[in-house]
file input_1.txt (compact mmCIF, C-alpha atoms)
# COMPACT_ATOMS: atom_id res chain seq x y z
CA MET K 133 1.81 29.14 -27.02
CA HIS K 134 4.69 26.72 -26.54
CA ALA K 135 3.92 23.19 -25.40
CA LEU K 136 5.09 22.17 -21.95
CA SER K 137 8.88 21.92 -22.05
CA ASP K 138 12.03 22.28 -20.00
CA ASP K 139 12.46 25.88 -21.14
CA THR K 140 13.06 28.41 -18.39
CA ILE K 141 10.77 31.40 -18.79
CA ILE K 142 10.83 34.89 -17.30
CA ALA K 143 8.39 37.78 -16.93
CA LEU K 144 7.66 40.83 -14.83
CA THR K 145 4.76 39.91 -12.52
CA THR K 146 4.08 43.38 -11.11
CA PRO K 147 2.56 46.22 -13.20
CA GLN K 148 4.69 48.12 -15.68
CA GLY K 149 5.91 51.57 -14.66
CA ILE K 150 7.82 53.24 -11.85
CA SER K 151 7.21 51.77 -8.40
CA ALA K 152 9.03 51.18 -5.13
CA LEU K 153 9.50 47.49 -5.93
CA ALA K 154 9.08 45.14 -8.87
CA VAL K 155 8.94 41.33 -8.91
CA ILE K 156 10.40 39.27 -11.74
CA ARG K 157 9.47 35.58 -11.93
CA LEU K 158 11.38 32.69 -13.49
CA SER K 159 10.14 29.12 -13.83
CA GLY K 160 11.70 26.02 -15.37
CA LEU K 161 14.14 23.21 -14.77
CA ASP K 162 17.16 25.55 -14.74
CA ALA K 163 15.58 28.58 -13.08
CA ILE K 164 17.60 28.31 -9.85
CA ARG K 165 20.85 27.27 -11.55
CA ILE K 166 20.72 30.16 -14.03
CA THR K 167 19.91 32.66 -11.29
CA ASP K 168 22.98 31.44 -9.41
CA GLN K 169 25.10 32.46 -12.39
CA VAL K 170 24.16 36.14 -12.09
CA PHE K 171 23.44 36.42 -8.34
CA THR K 172 26.09 37.32 -5.79
CA GLY K 173 25.18 36.02 -2.36
CA LYS K 174 24.41 32.56 -1.05
CA LYS K 175 24.53 29.61 -3.42
CA LEU K 176 20.82 29.35 -4.23
CA GLU K 177 20.84 25.70 -5.34
CA ALA K 178 22.11 24.77 -1.88
CA GLN K 179 19.30 26.62 -0.07
CA PRO K 180 15.99 25.13 1.09
CA SER K 181 12.78 25.85 -0.79
CA HIS K 182 10.71 28.87 0.24
CA THR K 183 13.68 30.88 1.51
CA VAL K 184 14.59 34.49 0.75
CA HIS K 185 18.15 35.71 0.17
CA LEU K 186 19.70 39.16 -0.05
CA GLY K 187 22.39 39.85 -2.62
CA THR K 188 23.23 41.66 -5.84
CA ILE K 189 22.46 40.77 -9.39
CA GLY K 190 24.32 41.78 -12.53
CA TYR K 191 27.24 41.22 -14.89
CA PRO K 192 30.76 40.41 -13.66
CA ASP K 193 31.78 44.04 -14.10
CA LYS K 194 28.46 45.75 -13.45
CA ILE K 195 25.97 45.38 -10.59
CA LEU K 196 22.42 46.07 -11.73
CA ASP K 197 20.67 46.17 -8.36
CA GLU K 198 20.55 44.89 -4.81
CA VAL K 199 17.75 42.33 -4.68
CA LEU K 200 15.88 39.77 -2.63
CA VAL K 201 15.64 36.36 -4.29
CA THR K 202 12.99 33.84 -3.21
CA VAL K 203 13.68 30.20 -4.07
CA PHE K 204 10.94 27.66 -4.80
CA LYS K 205 12.05 24.11 -5.47
CA SER K 206 10.01 21.64 -7.51
CA PRO K 207 7.30 20.53 -6.87
CA HIS K 208 6.63 23.15 -4.19
CA SER K 209 5.94 26.15 -6.40
CA PHE K 210 3.04 27.69 -8.29
CA THR K 211 4.07 25.90 -11.50
CA LYS K 212 5.38 22.80 -9.68
CA GLU K 213 8.71 23.55 -11.39
CA ASN K 214 11.85 25.12 -9.99
CA ALA K 215 11.03 28.81 -9.67
CA VAL K 216 12.64 32.05 -8.56
CA GLU K 217 11.11 35.41 -7.72
CA ILE K 218 13.42 38.43 -7.78
CA SER K 219 12.32 41.52 -5.84
CA CYS K 220 14.19 44.52 -7.18
CA HIS K 221 13.70 48.28 -7.17
CA GLY K 222 10.85 49.34 -9.43
CA SER K 223 12.75 51.40 -11.99
CA PRO K 224 11.78 50.33 -15.53
CA VAL K 225 15.48 50.55 -16.45
CA ILE K 226 16.45 48.09 -13.71
CA VAL K 227 13.66 45.69 -14.64
CA ARG K 228 14.58 45.83 -18.31
CA GLU K 229 18.28 45.25 -17.66
CA ILE K 230 17.66 42.30 -15.31
CA ILE K 231 15.34 40.59 -17.80
CA LYS K 232 17.86 41.29 -20.58
CA LEU K 233 20.60 39.69 -18.45
CA PHE K 234 18.57 36.49 -18.08
CA LEU K 235 17.73 36.38 -21.78
CA GLN K 236 21.46 36.36 -22.42
CA GLN K 237 21.69 33.26 -20.20
CA GLY K 238 19.27 31.33 -22.41
CA VAL K 239 16.01 32.13 -20.63
CA ARG K 240 13.08 33.14 -22.85
CA LEU K 241 10.23 35.57 -22.28
CA ALA K 242 7.03 33.99 -20.98
CA GLU K 243 3.93 34.15 -23.12
CA PRO K 244 0.56 35.35 -21.76
CA GLY K 245 -0.65 32.99 -19.04
CA GLU K 246 2.28 30.61 -19.48
CA PHE K 247 3.02 30.29 -15.76
CA THR K 248 -0.60 29.32 -15.06
CA ARG K 249 -0.66 27.05 -18.10
CA ARG K 250 2.39 25.20 -16.78
CA ALA K 251 0.71 24.92 -13.38
CA PHE K 252 -2.33 23.34 -15.08
CA LEU K 253 -0.30 20.97 -17.25
CA ASN K 254 1.78 19.92 -14.23
CA GLY K 255 -1.36 19.04 -12.25
CA ARG K 256 -1.27 21.99 -9.87
CA PHE K 257 -4.99 22.51 -10.49
CA ASP K 258 -7.57 21.85 -13.18
CA LEU K 259 -8.64 24.12 -16.02
CA ALA K 260 -11.61 25.66 -14.21
CA GLN K 261 -9.34 26.56 -11.30
CA ALA K 262 -6.77 27.99 -13.70
CA GLU K 263 -9.41 30.25 -15.24
CA ALA K 264 -10.37 31.37 -11.73
CA VAL K 265 -6.83 32.68 -11.26
CA ALA K 266 -7.46 35.24 -14.01
CA ASP K 267 -10.87 36.08 -12.52
CA LEU K 268 -9.29 36.66 -9.12
CA ILE K 269 -6.69 39.01 -10.59
CA HIS K 270 -9.37 41.06 -12.35
CA ALA K 271 -11.94 41.02 -9.51
CA GLU K 272 -13.26 44.55 -8.94
CA THR K 273 -15.66 43.86 -6.08
CA ASP K 274 -15.56 41.74 -2.94
CA ASN K 275 -18.28 39.48 -4.35
CA ALA K 276 -16.24 38.91 -7.52
CA ARG K 277 -13.16 38.19 -5.42
CA GLN K 278 -14.96 35.64 -3.25
CA ALA K 279 -16.62 33.92 -6.23
CA ALA K 280 -13.25 33.58 -7.99
CA LEU K 281 -11.57 32.39 -4.80
CA ASN K 282 -14.23 29.74 -4.24
CA GLN K 283 -13.69 28.44 -7.77
CA MET K 284 -9.90 28.61 -7.53
CA ARG K 285 -10.00 26.55 -4.35
CA GLY K 286 -11.88 23.83 -6.23
CA GLY K 287 -15.47 23.96 -4.97
CA PHE K 288 -16.94 24.01 -8.48
CA SER K 289 -14.40 21.49 -9.83
CA LYS K 290 -15.05 18.97 -7.05
CA GLU K 291 -18.76 18.91 -7.84
CA ILE K 292 -18.15 18.48 -11.57
CA LYS K 293 -15.59 15.70 -11.02
CA HIS K 294 -17.93 13.87 -8.62
CA LEU K 295 -20.78 13.95 -11.14
CA ARG K 296 -18.45 12.78 -13.89
CA GLU K 297 -17.14 9.87 -11.82
CA GLU K 298 -20.66 8.63 -11.15
CA LEU K 299 -21.49 8.80 -14.86
CA ILE K 300 -18.26 7.04 -15.80
CA HIS K 301 -19.25 4.14 -13.54
CA PHE K 302 -22.52 3.61 -15.42
CA ALA K 303 -20.90 4.25 -18.79
CA SER K 304 -18.38 1.48 -18.14
CA LEU K 305 -21.16 -0.94 -17.19
CA ILE K 306 -23.09 -0.17 -20.36
CA GLU K 307 -19.93 -0.54 -22.43
CA LEU K 308 -19.46 -3.93 -20.75
CA GLU K 309 -22.97 -4.90 -21.77
CA LEU K 310 -22.09 -4.16 -25.39
CA ASP K 311 -19.23 -6.67 -25.14
CA PHE K 312 -21.77 -9.33 -24.12
CA GLY K 313 -24.44 -8.18 -26.58
CA GLU K 314 -25.36 -11.67 -27.73
CA GLU K 315 -25.97 -12.90 -24.18
CA ASP K 316 -28.66 -10.30 -23.32
CA VAL K 317 -27.20 -9.31 -19.92
CA GLU K 318 -27.77 -6.06 -18.03
CA PHE K 319 -24.93 -4.83 -15.83
CA ALA K 320 -26.21 -1.26 -15.49
CA ARG K 321 -29.61 -1.17 -13.84
CA ARG K 322 -31.74 1.25 -15.85
CA ASP K 323 -33.70 2.51 -12.84
CA ASP K 324 -30.48 3.37 -11.00
CA LEU K 325 -29.10 5.15 -14.06
CA LYS K 326 -32.35 7.08 -14.46
CA ASN K 327 -32.26 8.22 -10.84
CA LEU K 328 -28.64 9.31 -11.19
CA VAL K 329 -29.28 11.28 -14.37
CA GLN K 330 -32.27 13.01 -12.78
CA LYS K 331 -30.16 13.92 -9.75
CA ILE K 332 -27.42 15.29 -11.98
CA GLN K 333 -29.95 17.24 -14.04
CA GLN K 334 -31.31 18.91 -10.91
CA TYR K 335 -27.81 19.95 -9.87
CA LEU K 336 -26.97 21.19 -13.37
CA THR K 337 -30.15 23.26 -13.38
CA ARG K 338 -29.05 24.97 -10.15
CA LEU K 339 -25.59 25.65 -11.58
CA ILE K 340 -26.95 26.97 -14.88
CA SER K 341 -29.46 29.23 -13.13
CA SER K 342 -26.64 30.67 -10.99
CA PHE K 343 -24.96 32.06 -14.12
CA ASP K 344 -27.18 35.15 -14.23
CA GLN K 345 -26.01 36.14 -10.76
CA GLY K 346 -22.45 34.96 -11.37
CA ASN K 347 -22.16 36.92 -14.60
CA VAL K 348 -23.37 40.10 -12.86
CA ILE K 349 -20.84 39.59 -10.07
CA LYS K 350 -17.94 38.93 -12.43
CA ASN K 351 -18.58 41.35 -15.28
CA GLY K 352 -20.68 44.08 -13.72
CA ILE K 353 -23.61 45.90 -15.29
CA PRO K 354 -23.27 48.09 -18.38
CA THR K 355 -25.72 50.90 -17.64
CA VAL K 356 -26.59 53.52 -20.26
CA ILE K 357 -27.80 56.97 -19.23
CA ALA K 358 -30.02 58.09 -22.12
CA GLY K 359 -32.56 60.75 -22.93
CA LYS K 360 -33.10 63.87 -25.02
CA PRO K 361 -30.50 66.67 -25.12
CA ASN K 362 -30.32 68.77 -21.96
CA ALA K 363 -32.18 66.17 -19.87
CA GLY K 364 -29.25 66.23 -17.42
CA LYS K 365 -27.46 63.02 -18.38
CA SER K 366 -23.94 64.37 -17.89
CA THR K 367 -24.97 66.00 -14.61
CA LEU K 368 -26.35 62.65 -13.41
CA LEU K 369 -23.14 60.82 -14.36
CA ASN K 370 -21.09 63.37 -12.41
CA ALA K 371 -23.46 63.09 -9.44
CA LEU K 372 -23.29 59.28 -9.38
CA LEU K 373 -19.48 59.28 -9.63
CA ASN K 374 -19.16 62.31 -7.32
CA GLU K 375 -16.67 63.91 -9.71
CA GLU K 376 -16.70 66.16 -12.77
CA LYS K 377 -16.30 63.39 -15.33
CA ALA K 378 -18.47 64.83 -18.10
CA ILE K 379 -18.71 68.39 -19.43
CA VAL K 380 -22.00 70.02 -18.46
CA SER K 381 -23.52 72.97 -20.34
CA ASP K 382 -26.88 74.39 -21.36
CA ILE K 383 -26.02 73.96 -25.03
CA PRO K 384 -27.95 71.01 -26.51
CA GLY K 385 -25.69 68.35 -28.04
CA THR K 386 -22.68 69.04 -25.78
CA THR K 387 -22.06 65.30 -25.32
CA ARG K 388 -21.23 63.80 -28.70
CA ASP K 389 -19.47 60.59 -27.70
CA VAL K 390 -19.93 58.00 -24.98
CA ILE K 391 -18.31 58.94 -21.67
CA GLU K 392 -18.12 56.16 -19.12
CA ASP K 393 -16.80 55.23 -15.71
CA GLU K 394 -17.38 52.58 -13.09
CA MET K 395 -18.58 52.52 -9.51
CA VAL K 396 -19.58 49.80 -7.06
CA LEU K 397 -23.10 49.72 -5.65
CA GLY K 398 -24.16 46.96 -3.28
CA GLY K 399 -21.20 44.79 -4.23
CA ILE K 400 -21.89 45.09 -7.98
CA ALA K 401 -19.72 47.00 -10.43
CA PHE K 402 -21.85 49.31 -12.59
CA ARG K 403 -20.34 50.86 -15.70
CA PHE K 404 -22.32 54.06 -16.24
CA MET K 405 -22.27 55.49 -19.77
CA ASP K 406 -23.24 59.09 -20.50
CA THR K 407 -24.44 59.30 -24.09
CA ALA K 408 -25.34 61.85 -26.72
CA GLY K 409 -28.89 63.21 -26.49
CA LEU K 410 -31.46 61.43 -28.64
CA ARG K 411 -32.82 63.69 -31.36
CA ASP K 412 -32.84 64.16 -35.11
CA THR K 413 -29.92 66.38 -36.12
CA ASN K 414 -28.25 67.71 -39.26
CA ASP K 415 -24.91 67.96 -37.47
CA ALA K 416 -22.85 65.07 -38.90
CA ILE K 417 -20.72 64.62 -35.76
CA GLU K 418 -23.68 64.78 -33.38
CA ALA K 419 -25.51 62.27 -35.61
CA ILE K 420 -22.66 59.81 -35.11
CA GLY K 421 -22.98 60.32 -31.35
CA VAL K 422 -26.74 59.67 -31.48
CA SER K 423 -26.12 56.49 -33.49
CA ARG K 424 -23.61 55.31 -30.89
CA THR K 425 -26.15 56.03 -28.15
CA ARG K 426 -28.69 53.76 -29.81
CA GLU K 427 -26.07 51.03 -30.24
CA ARG K 428 -25.10 51.21 -26.56
CA MET K 429 -28.76 51.12 -25.51
CA GLU K 430 -29.30 47.91 -27.49
CA LYS K 431 -26.32 46.25 -25.74
CA ALA K 432 -27.00 47.60 -22.23
CA ALA K 433 -28.11 45.52 -19.27
CA LEU K 434 -29.93 48.54 -17.82
CA ILE K 435 -31.02 51.94 -19.16
CA LEU K 436 -31.50 55.00 -16.98
CA TYR K 437 -33.77 57.09 -19.19
CA LEU K 438 -33.91 60.73 -18.19
CA PHE K 439 -36.88 63.03 -18.77
CA ASP K 440 -36.50 66.78 -18.29
CA LEU K 441 -39.48 67.43 -16.03
CA SER K 442 -39.15 71.19 -16.59
CA ALA K 443 -39.70 70.88 -20.34
CA THR K 444 -41.74 67.78 -21.19
CA THR K 445 -45.34 66.62 -21.37
CA VAL K 446 -47.13 63.37 -20.61
CA PRO K 447 -47.70 62.54 -24.33
CA GLU K 448 -43.97 63.05 -24.99
CA ILE K 449 -43.12 60.79 -22.06
CA GLN K 450 -45.50 58.11 -23.34
CA LYS K 451 -43.98 58.24 -26.84
CA GLU K 452 -40.41 57.93 -25.51
CA GLU K 453 -41.39 55.08 -23.19
CA ALA K 454 -42.99 53.20 -26.09
CA ASP K 455 -39.63 53.36 -27.90
CA LEU K 456 -37.92 52.14 -24.72
CA LYS K 457 -40.22 49.16 -24.35
CA ALA K 458 -39.56 48.16 -27.96
CA LEU K 459 -35.88 47.65 -27.09
CA GLY K 460 -36.70 44.92 -24.58
CA ILE K 461 -33.97 46.14 -22.19
CA PRO K 462 -34.67 46.73 -18.47
CA TYR K 463 -35.03 50.45 -17.83
CA ILE K 464 -35.74 52.95 -15.07
CA LYS K 465 -37.67 56.12 -15.78
CA VAL K 466 -35.86 59.03 -14.17
CA GLY K 467 -37.54 62.41 -13.96
CA ASN K 468 -34.79 65.02 -13.63
CA LYS K 469 -35.03 68.69 -12.58
CA VAL K 470 -37.86 67.85 -10.20
CA ASP K 471 -37.41 71.21 -8.46
CA ALA K 472 -38.50 72.98 -11.67
CA ALA K 473 -41.29 70.56 -12.60
CA PRO K 474 -44.89 71.85 -12.83
CA ALA K 475 -47.03 70.50 -10.02
CA PRO K 476 -49.75 69.15 -12.40
CA LEU K 477 -47.12 67.09 -14.23
CA LEU K 478 -45.79 65.61 -11.00
CA LYS K 479 -49.36 64.75 -10.03
CA GLN K 480 -49.90 62.94 -13.33
CA LEU K 481 -46.69 60.96 -12.90
CA GLU K 482 -47.63 59.61 -9.48
CA ASN K 483 -47.84 55.80 -9.49
CA GLN K 484 -46.08 55.72 -12.88
CA ASN K 485 -42.85 54.14 -11.53
CA PHE K 486 -40.89 57.36 -11.89
CA ILE K 487 -37.86 58.21 -9.78
CA CYS K 488 -37.93 61.98 -9.56
CA ILE K 489 -34.56 63.57 -8.83
CA SER K 490 -32.49 66.67 -9.17
CA ALA K 491 -29.10 65.57 -10.47
CA ALA K 492 -27.70 69.07 -9.94
CA SER K 493 -28.54 69.15 -6.23
CA HIS K 494 -28.30 65.36 -5.70
CA LYS K 495 -31.90 65.30 -4.50
CA ASN K 496 -33.30 61.73 -4.26
CA LEU K 497 -30.04 60.32 -5.65
CA GLU K 498 -30.01 57.58 -2.99
CA GLU K 499 -33.54 56.62 -3.99
CA LEU K 500 -32.30 56.19 -7.57
CA LYS K 501 -29.39 54.04 -6.42
CA ASP K 502 -31.81 51.82 -4.48
CA ALA K 503 -33.98 51.44 -7.59
CA ILE K 504 -30.91 50.46 -9.63
CA LEU K 505 -29.92 47.80 -7.10
CA LYS K 506 -33.45 46.35 -7.00
CA GLN K 507 -33.04 45.49 -10.67
CA PHE K 508 -30.11 43.21 -9.78
CA ALA K 509 -30.65 42.06 -6.21
CA ILE K 510 -27.91 39.63 -5.20
CA ASP K 511 -26.81 38.14 -1.93
CA ALA K 512 -23.24 38.49 -0.75
CA VAL K 513 -21.06 35.61 -1.92
CA LYS K 514 -19.88 33.50 0.99
CA GLN K 515 -16.99 31.10 1.30
CA GLY K 516 -17.93 27.81 -0.31
CA ASP K 517 -20.72 29.18 -2.53
CA VAL K 518 -20.65 27.63 -5.99
CA LEU K 519 -21.55 30.08 -8.77
CA VAL K 520 -21.04 29.78 -12.50
CA THR K 521 -19.32 32.99 -13.62
CA ASN K 522 -17.61 31.78 -16.81
CA LEU K 523 -19.48 31.77 -20.13
CA ARG K 524 -17.50 28.75 -21.35
CA HIS K 525 -18.56 26.75 -18.29
CA TYR K 526 -22.17 27.83 -18.77
CA GLN K 527 -22.13 26.63 -22.38
CA LYS K 528 -20.63 23.27 -21.46
CA LEU K 529 -23.13 22.77 -18.63
CA THR K 530 -26.06 23.43 -20.97
CA GLU K 531 -24.56 21.02 -23.53
CA THR K 532 -24.19 18.41 -20.77
CA GLN K 533 -27.80 18.92 -19.73
CA ALA K 534 -28.97 18.46 -23.32
CA ALA K 535 -26.97 15.23 -23.66
CA LEU K 536 -28.40 13.90 -20.39
CA ALA K 537 -31.91 14.81 -21.54
CA ARG K 538 -31.30 12.50 -24.49
CA VAL K 539 -30.18 9.80 -22.05
CA LEU K 540 -33.48 10.14 -20.14
CA ASP K 541 -35.46 10.03 -23.39
CA GLY K 542 -33.57 6.86 -24.34
CA LEU K 543 -34.27 5.25 -20.97
CA ASN K 544 -37.96 6.08 -21.27
CA THR K 545 -38.16 4.56 -24.75
CA ASP K 546 -35.94 1.52 -24.04
CA ILE K 547 -33.32 2.63 -26.52
CA THR K 548 -30.50 0.16 -27.20
CA GLY K 549 -27.34 0.28 -25.12
CA ASP K 550 -25.08 1.52 -27.92
CA PHE K 551 -27.14 4.71 -28.42
CA LEU K 552 -27.44 5.14 -24.66
CA ALA K 553 -23.68 4.84 -24.30
CA MET K 554 -23.17 7.41 -27.05
CA ASP K 555 -25.22 10.07 -25.20
CA ILE K 556 -23.52 9.31 -21.88
CA ARG K 557 -20.11 9.64 -23.57
CA GLN K 558 -21.21 13.02 -24.95
CA SER K 559 -22.22 14.29 -21.50
CA LEU K 560 -18.92 13.04 -20.06
CA HIS K 561 -17.07 14.85 -22.83
CA HIS K 562 -18.73 18.19 -22.05
CA LEU K 563 -18.11 17.85 -18.30
CA GLY K 564 -14.50 16.92 -18.97
CA GLU K 565 -14.04 20.06 -21.08
CA ILE K 566 -14.90 22.20 -18.06
CA THR K 567 -12.14 20.83 -15.85
CA GLY K 568 -9.65 20.16 -18.63
CA GLU K 569 -9.73 16.37 -18.44
CA ILE K 570 -10.70 16.63 -22.10
CA THR K 571 -9.17 19.54 -23.94
CA SER K 572 -7.36 20.67 -27.08
CA GLU K 573 -4.35 22.81 -27.86
CA ASP K 574 -6.57 25.46 -29.46
CA LEU K 575 -8.75 25.68 -26.35
CA LEU K 576 -5.76 26.06 -24.04
CA ALA K 577 -4.17 28.66 -26.31
CA ASN K 578 -7.40 30.65 -26.37
CA ILE K 579 -7.88 30.55 -22.59
CA PHE K 580 -4.33 31.37 -21.52
CA SER K 581 -3.75 34.03 -24.19
CA LYS K 582 -6.15 36.24 -22.20
CA PHE K 583 -3.97 36.11 -19.07
CA CYS K 584 -1.34 38.65 -18.02
CA ILE K 585 2.19 37.98 -19.30
CA GLY K 586 3.50 37.42 -15.75
CA LYS K 587 0.69 35.07 -14.73

call {"tool": "encode", "arguments": {"input": "input_1.txt", "output": "structure tokens"}}
result
Amino acid sequence: MHALSDDTIIALTTPQGISALAVIRLSGLDAIRITDQVFTGKKLEAQPSHTVHLGTIGYPDKILDEVLVTVFKSPHSFTKENAVEISCHGSPVIVREIIKLFLQQGVRLAEPGEFTRRAFLNGRFDLAQAEAVADLIHAETDNARQAALNQMRGGFSKEIKHLREELIHFASLIELELDFGEEDVEFARRDDLKNLVQKIQQYLTRLISSFDQGNVIKNGIPTVIAGKPNAGKSTLLNALLNEEKAIVSDIPGTTRDVIEDEMVLGGIAFRFMDTAGLRDTNDAIEAIGVSRTRERMEKAALILYLFDLSATTVPEIQKEEADLKALGIPYIKVGNKVDAAPAPLLKQLENQNFICISAASHKNLEELKDAILKQFAIDAVKQGDVLVTNLRHYQKLTETQAALARVLDGLNTDITGDFLAMDIRQSLHHLGEITGEITSEDLLANIFSKFCIGK
């Protein structure tokens, strides 16, 4: 990733492929001037910011397309630099030729996330808000969209900055005490510092505890559908998705690899995975599928374990459930083929937390969906709600809490000011890493490399 410079960069900001329209973005000191060189229409440098102009774009002897050009003049743009957005027809040939034309004018291709990185480095927003831009782009549910929007608009950042400012005040007073060490003066009242740290700890605890919900909202729930061969796993996947996603047959071992797809239930994205039936097998390929099933089960957030009620017994159910419990993963016991189940078996399974369904006829499917949602009950995210959805933020918050715990221990044991100052500095460092007030080139490169090229 290039450091902030006067380079003018370019990228396609709309998805690749054929479409009615495509948008190409340029940003940099010379973005408007260079566009003027290849645009036939109004003189763009003479136009006000945030105006749109119709014209053609191309070489002196060859028009590439008729386009709309939107002008953004520094600092009133996403990057706070001069910027241009070119709306052209969505032919990949047109897009390629327009970008090629600008490269010939000295513009270079943008790297992943470089527009957002420039916005961050130019003070458009802080690092937490920049990361929220990527979350907003990839939001798959309304809850994920609202959580990302709340963070992008600075709700989370404002709280972190406020806490940091209060700590900085006390840190500066303690540092001042160190300068007058021989005079035994106390500028920072220890009781006031203790009350502040306790207040911050309470707020950090609320933020940290919100990560479980925030992570579910942002990343969804990997849900494995497991069970013995012919339990009806593929039929259940098709029923949940309401489409023929997986091949269904009466031949045991039909599913040999993981088949997955996503759906939204109650504002949460669930990624359902149909897996190979669990059994001992001499078939080398099926054995690989069974191994992958066990791997997915160990990494799942939820397991839907299917029992074929037409061909199982209570002892078999108890043995399989014992294996399930050993995994330590939340699971739901699903009795499939309830229409063909013996009445005595159904009687024995009463009050055993079974959801009895018929995946083939969709019987009790809504009851199963309700049981799935109860495992991850969340409230709808509202405007202004502050949730931690980013693992990096969660780690830094827990590190801050640990540093502040050391501050409290020091206050309770009358530790000297230099050690107290050291722990406060550490907590300030971790908070600053969240918003980007303290950062490194490696951290920025890692964060922005995960963005889209055009963002």

call {"tool": "residues_around", "arguments": {"input": "input_1.txt", "residues": "Ile340 (chain K)", "least_positions_apart": "6", "cutoff": "7 Å", "atoms": "all atoms listed in the file", "output": "PyMOL selection string"}}
result
chain K and resi 520+526+529

call {"tool": "residues_around", "arguments": {"input": "input_1.txt", "residues": "region 473-480 of chain K", "least_positions_apart": "3", "cutoff": "8 Å", "atoms": "all atoms listed in the file", "output": "JSON, numbers by chain"}}
result
{"K": [441, 442, 443, 445, 446, 469, 470]}

call {"tool": "closest_residue", "arguments": {"input": "input_1.txt", "among": "K:Gly346, K:Gly187, K:Gly568, K:Gly542", "to": "Thr521 (chain K)", "atoms": "only C-alpha atoms"}}
result
K:Gly346

call {"tool": "residues_around", "arguments": {"input": "input_1.txt", "residues": "His294 (chain K)", "least_positions_apart": "4", "cutoff": "12 Å", "atoms": "all atoms listed in the file", "output": "PyMOL selection string"}}
result
chain K and resi 286-290+298-301+328+332+335+560+563-564+567

call {"tool": "closest_atom_pairs", "arguments": {"input": "input_1.txt", "of": "region 329-365 of chain K", "to": "region 421-435 of chain K", "cutoff": "9 Å", "atoms": "only C-alpha atoms", "output": "Markdown table"}}
result
| residue | atom | partner | partner_atom | distance |
| --- | --- | --- | --- | --- |
| K:Ile353 | CA | K:Ala433 | CA | 6.0 |
| K:Pro354 | CA | K:Ala432 | CA | 5.4 |
| K:Thr355 | CA | K:Leu434 | CA | 4.8 |
| K:Val356 | CA | K:Ile435 | CA | 4.8 |
| K:Ile357 | CA | K:Ile435 | CA | 6.0 |
| K:Ala358 | CA | K:Ile435 | CA | 6.9 |

call {"tool": "residues_around", "arguments": {"input": "input_1.txt", "residues": "region 243-251 of chain K", "least_positions_apart": "3", "cutoff": "6 Å", "atoms": "all atoms listed in the file", "output": "ChimeraX atom specification"}}
result
/K:211,254,256,580-581,583-585,587

call {"tool": "residues_around", "arguments": {"input": "input_1.txt", "residues": "region 153-160 of chain K", "least_positions_apart": "4", "cutoff": "8 Å", "atoms": "only C-alpha atoms", "output": "MDAnalysis selection string"}}
result
chainID K and resid 138:147 211 213:223 227 231 247 586

call {"tool": "closest_residue", "arguments": {"input": "input_1.txt", "among": "K:Ile570, K:Leu436, K:Ala152, K:Val203", "to": "Glu177 (chain K)", "atoms": "all atoms listed in the file"}}
result
K:Val203

call {"tool": "atom_distance", "arguments": {"input": "input_1.txt", "atom1": "CA of Val199 (chain K)", "atom2": "CA of His270 (chain K)"}}
result
28.2 Å

call {"tool": "atom_distance", "arguments": {"input": "input_1.txt", "atom1": "CA of Asp323 (chain K)", "atom2": "CA of Leu543 (chain K)"}}
result
8.6 Å

call {"tool": "decode", "arguments": {"input": "input_1.txt", "residues": "region 139-165 of chain K", "atoms": "C-alpha atoms", "output": "short mmCIF file (atom, residue, chain, number, x, y, z; two decimals), in the first residue's frame"}}
result
data_model
loop_
_atom_site.label_atom_id
_atom_site.label_comp_id
_atom_site.auth_asym_id
_atom_site.auth_seq_id
_atom_site.Cartn_x
_atom_site.Cartn_y
_atom_site.Cartn_z
CA ASP K 139 -0.76 10.47 -6.95
CA THR K 140 -4.05 10.39 -8.79
CA ILE K 141 -5.65 6.95 -8.54
CA ILE K 142 -8.44 5.27 -10.48
CA ALA K 143 -10.68 2.24 -10.03
CA LEU K 144 -14.02 0.81 -11.06
CA THR K 145 -16.37 1.25 -8.09
CA THR K 146 -19.29 -0.81 -9.41
CA PRO K 147 -19.15 -4.64 -9.75
CA GLN K 148 -17.29 -6.23 -12.64
CA GLY K 149 -19.35 -7.56 -15.53
CA ILE K 150 -21.98 -6.38 -17.98
CA SER K 151 -24.46 -3.85 -16.60
CA ALA K 152 -26.51 -0.87 -17.71
CA LEU K 153 -24.07 1.55 -16.08
CA ALA K 154 -20.64 1.51 -14.50
CA VAL K 155 -18.97 4.11 -12.28
CA ILE K 156 -15.24 4.82 -12.42
CA ARG K 157 -13.71 6.89 -9.62
CA LEU K 158 -10.59 9.06 -9.64
CA SER K 159 -9.06 10.82 -6.65
CA GLY K 160 -5.97 12.97 -6.27
CA LEU K 161 -4.59 16.45 -6.74
CA ASP K 162 -4.82 16.27 -10.55
CA ALA K 163 -8.00 14.21 -10.87
CA ILE K 164 -10.11 17.04 -12.34
CA ARG K 165 -7.32 18.47 -14.50
#
